[in-house]
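Engineer: Quick one: the structure is below, questions incoming.
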Amino acid sequence: VTVAAGSVLRAKGEIAGGTGDLIMKPNVPEQPNDNGTSWDPSDDYVIPARDWGALIRLSNGDVAKVVRSGVDTAVSYGTVDIGAGAVLAGGKALIIDATRNTIVASSAQVSGRSIALGGSRIGFGGGSDGLVFDVAALARFADAQNLTLRSYSTIDFYTGINFGAAGLGSVTLDAGALVGRTSGTVSVAGDTIVLQNSGGVFTEPGVATQGALTV
């Protein structure tokens, strides 16, 4: 999904009542496999579903979440690219969801009462895939009442982060694992920090050293 440089997207009007979650149909559905022995069900197995993609939702309705299963972060598709000077006025609830990368130009204006950003991976102070943040990058979302950062794998801390210093009051970290990419202690501070794993899966971090995480 590409929002061209200088484009303006705004949520207008009102929506009464709930809107429900956005349930994505996998690109490749799960497939039963008889292992070449159709006469013997004991060795049958199921090839899991695979999903990838990207979307942007601007709404004055209730906060919703994107529901995906079998996300394949290795697929090159599934990127949101918001160009220079673009404006996304998300209203009550803005979702920018990508199973690969979410790219937001430094001059783009992104706003909403509730903002949810998703990518294949989230990094604080380092990394290259998904979404990469430092305090300055987070500060652009300071007007949101709640910021949700969702990783389809791990949230990686190359350094500590203070969400309060970025002007954020409430932050939700949603991932299969929080991983310290340093051997020292990583401190995560803020007024309100919510930890969740909405995907219900654990992602093996594969780190060589062990440190400590304090929240």
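Following the order of the structure tokens, first chain is A, next is B, and so on, with residues numbered from 1 inside each chain and ligands from 1 in the order they appear.
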Where in range 96-172 of chain A does DSSP assign strand (DSSP E), given as a ChimeraX atom specification?

Structural biologist: /A:96-98,102-104,109-111,114-119,122-124,131-133,146-151,154-157,161-162,170-172

Engineer: Go ahead and dump the residues you just picked, N, CA, C and O atoms, as a short mmCIF file (atom, residue, chain, number, x, y, z; two decimals), in the first residue's frame.

Structural biologist:
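Writing the result to selection_22.cif gives the following:
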```
data_model
loop_
_atom_site.label_atom_id
_atom_site.label_comp_id
_atom_site.auth_asym_id
_atom_site.auth_seq_id
_atom_site.Cartn_x
_atom_site.Cartn_y
_atom_site.Cartn_z
N ILE A 96 -2.36 1.20 10.75
CA ILE A 96 -1.42 1.00 9.65
C ILE A 96 -0.79 -0.35 9.90
O ILE A 96 0.01 -0.51 10.82
N ASP A 97 -1.17 -1.34 9.11
CA ASP A 97 -0.78 -2.72 9.38
C ASP A 97 -0.05 -3.30 8.17
O ASP A 97 -0.55 -3.23 7.04
N ALA A 98 1.13 -3.86 8.40
CA ALA A 98 1.89 -4.48 7.33
C ALA A 98 2.61 -5.70 7.88
O ALA A 98 3.16 -5.66 8.98
N THR A 102 6.73 -1.15 7.45
CA THR A 102 5.94 0.08 7.48
C THR A 102 6.91 1.24 7.42
O THR A 102 7.72 1.43 8.33
N ILE A 103 6.82 2.00 6.33
CA ILE A 103 7.75 3.09 6.08
C ILE A 103 6.97 4.40 6.11
O ILE A 103 6.02 4.59 5.34
N VAL A 104 7.35 5.29 7.01
CA VAL A 104 6.67 6.59 7.15
C VAL A 104 7.72 7.69 6.96
O VAL A 104 8.66 7.79 7.76
N GLN A 109 2.55 13.47 8.12
CA GLN A 109 1.79 13.77 9.34
C GLN A 109 0.78 12.65 9.58
O GLN A 109 -0.13 12.46 8.78
N VAL A 110 0.97 11.94 10.68
CA VAL A 110 0.11 10.80 11.01
C VAL A 110 -0.53 11.07 12.36
O VAL A 110 0.17 11.29 13.35
N SER A 111 -1.87 11.06 12.42
CA SER A 111 -2.56 11.39 13.67
C SER A 111 -3.79 10.52 13.85
O SER A 111 -4.33 9.94 12.91
N SER A 114 -6.49 6.99 18.63
CA SER A 114 -5.83 5.71 18.88
C SER A 114 -5.09 5.33 17.60
O SER A 114 -5.68 5.35 16.51
N ILE A 115 -3.81 5.01 17.71
CA ILE A 115 -3.01 4.65 16.55
C ILE A 115 -2.41 3.26 16.78
O ILE A 115 -1.84 3.00 17.84
N ALA A 116 -2.56 2.40 15.79
CA ALA A 116 -1.96 1.06 15.84
C ALA A 116 -1.05 0.91 14.63
O ALA A 116 -1.49 1.08 13.49
N LEU A 117 0.22 0.59 14.89
CA LEU A 117 1.20 0.40 13.83
C LEU A 117 1.71 -1.03 13.88
O LEU A 117 2.07 -1.52 14.95
N GLY A 118 1.76 -1.70 12.74
CA GLY A 118 2.20 -3.09 12.71
C GLY A 118 3.25 -3.33 11.65
O GLY A 118 3.26 -2.68 10.60
N GLY A 119 4.17 -4.26 11.93
CA GLY A 119 5.19 -4.64 10.96
C GLY A 119 5.74 -6.01 11.29
O GLY A 119 5.39 -6.62 12.31
N ILE A 122 9.68 -5.03 15.20
CA ILE A 122 9.81 -3.67 15.71
C ILE A 122 11.12 -3.56 16.45
O ILE A 122 11.45 -4.42 17.28
N GLY A 123 11.89 -2.52 16.14
CA GLY A 123 13.17 -2.32 16.80
C GLY A 123 13.25 -0.95 17.44
O GLY A 123 12.83 0.05 16.85
N PHE A 124 13.78 -0.91 18.65
CA PHE A 124 14.06 0.36 19.34
C PHE A 124 15.57 0.57 19.36
O PHE A 124 16.30 -0.23 19.96
N LEU A 131 9.49 -1.93 11.64
CA LEU A 131 9.45 -0.55 12.13
C LEU A 131 10.64 -0.34 13.04
O LEU A 131 10.91 -1.17 13.91
N VAL A 132 11.34 0.78 12.89
CA VAL A 132 12.49 1.11 13.73
C VAL A 132 12.24 2.47 14.36
O VAL A 132 11.92 3.44 13.66
N PHE A 133 12.38 2.54 15.70
CA PHE A 133 12.07 3.77 16.42
C PHE A 133 13.22 4.21 17.30
O PHE A 133 13.99 3.41 17.82
N ASN A 146 -3.59 6.58 22.82
CA ASN A 146 -2.94 5.27 22.95
C ASN A 146 -2.24 4.91 21.65
O ASN A 146 -2.79 5.08 20.57
N LEU A 147 -1.02 4.42 21.78
CA LEU A 147 -0.25 3.94 20.64
C LEU A 147 0.00 2.45 20.82
O LEU A 147 0.54 2.02 21.83
N THR A 148 -0.42 1.67 19.84
CA THR A 148 -0.18 0.23 19.85
C THR A 148 0.88 -0.10 18.80
O THR A 148 0.74 0.29 17.64
N LEU A 149 1.92 -0.79 19.23
CA LEU A 149 2.99 -1.23 18.34
C LEU A 149 2.93 -2.75 18.27
O LEU A 149 3.17 -3.43 19.27
N ARG A 150 2.62 -3.26 17.08
CA ARG A 150 2.41 -4.70 16.93
C ARG A 150 3.46 -5.28 16.01
O ARG A 150 3.64 -4.83 14.88
N SER A 151 4.16 -6.28 16.50
CA SER A 151 5.14 -7.00 15.69
C SER A 151 4.61 -8.40 15.39
O SER A 151 4.08 -9.07 16.28
N THR A 154 9.03 -10.34 16.78
CA THR A 154 9.52 -9.88 18.08
C THR A 154 9.61 -8.36 18.10
O THR A 154 9.64 -7.68 17.08
N ILE A 155 9.66 -7.82 19.33
CA ILE A 155 10.02 -6.42 19.55
C ILE A 155 11.42 -6.44 20.15
O ILE A 155 11.65 -7.03 21.20
N ASP A 156 12.36 -5.80 19.43
CA ASP A 156 13.77 -5.87 19.78
C ASP A 156 14.24 -4.55 20.40
O ASP A 156 14.00 -3.47 19.84
N PHE A 157 14.95 -4.67 21.52
CA PHE A 157 15.47 -3.49 22.21
C PHE A 157 16.99 -3.49 22.08
O PHE A 157 17.68 -4.31 22.69
N ILE A 161 14.16 2.54 26.31
CA ILE A 161 13.28 3.54 25.73
C ILE A 161 12.39 4.12 26.83
O ILE A 161 11.96 3.40 27.73
N ASN A 162 12.17 5.42 26.76
CA ASN A 162 11.28 6.10 27.71
C ASN A 162 10.14 6.70 26.90
O ASN A 162 10.31 7.71 26.23
N SER A 170 0.09 6.35 26.94
CA SER A 170 -0.27 4.94 27.00
C SER A 170 0.25 4.22 25.76
O SER A 170 -0.04 4.64 24.63
N VAL A 171 1.02 3.16 25.99
CA VAL A 171 1.62 2.40 24.89
C VAL A 171 1.34 0.92 25.09
O VAL A 171 1.52 0.39 26.20
N THR A 172 0.91 0.25 24.04
CA THR A 172 0.71 -1.20 24.06
C THR A 172 1.76 -1.85 23.18
O THR A 172 1.90 -1.48 22.01
#
```

Engineer: Write out as number ranges by chain each polymer residue whose atoms come within 12 Å of range 50-55 of chain A, counting only C-alpha atoms; drop sequence neighbours fewer than 2 positions from it.

Structural biologist: A: 1-3, 22-31, 47-48, 57-58, 65-82, 94-103, 116-120, 130, 152

Engineer: Figure out the distance between CA of Asp134 in chain A and CA of Gly211 in chain A, please, to one decimal in Å.

Structural biologist: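 That distance, rounded to one decimal, is 20.3 Å.
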
Engineer: Rank nothing, just name the residue among A:Gly112, A:Gly184, A:Gly200, A:Gly85 nearest to Phe141 in chain A, using only C-alpha atoms.

Structural biologist: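 The answer is A:Gly112, which sits nearest to Phe141 in chain A.
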
Engineer: Would you work out the distance separating CA of Gly199 in chain A from CA of Ala142 in chain A, expressed in Å to one decimal?

Structural biologist: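 About the pair CA of Gly199 in chain A and CA of Ala142 in chain A: they are 26.0 Å apart.
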
Engineer: Pick from A:Gln145, A:Ser42, A:Ser7, A:Ser198: nearest to Leu168 in chain A, with only C-alpha atoms counted?

Structural biologist: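 Looking only at the distances to Leu168 in chain A, the closest residue turns out to be A:Gln145.
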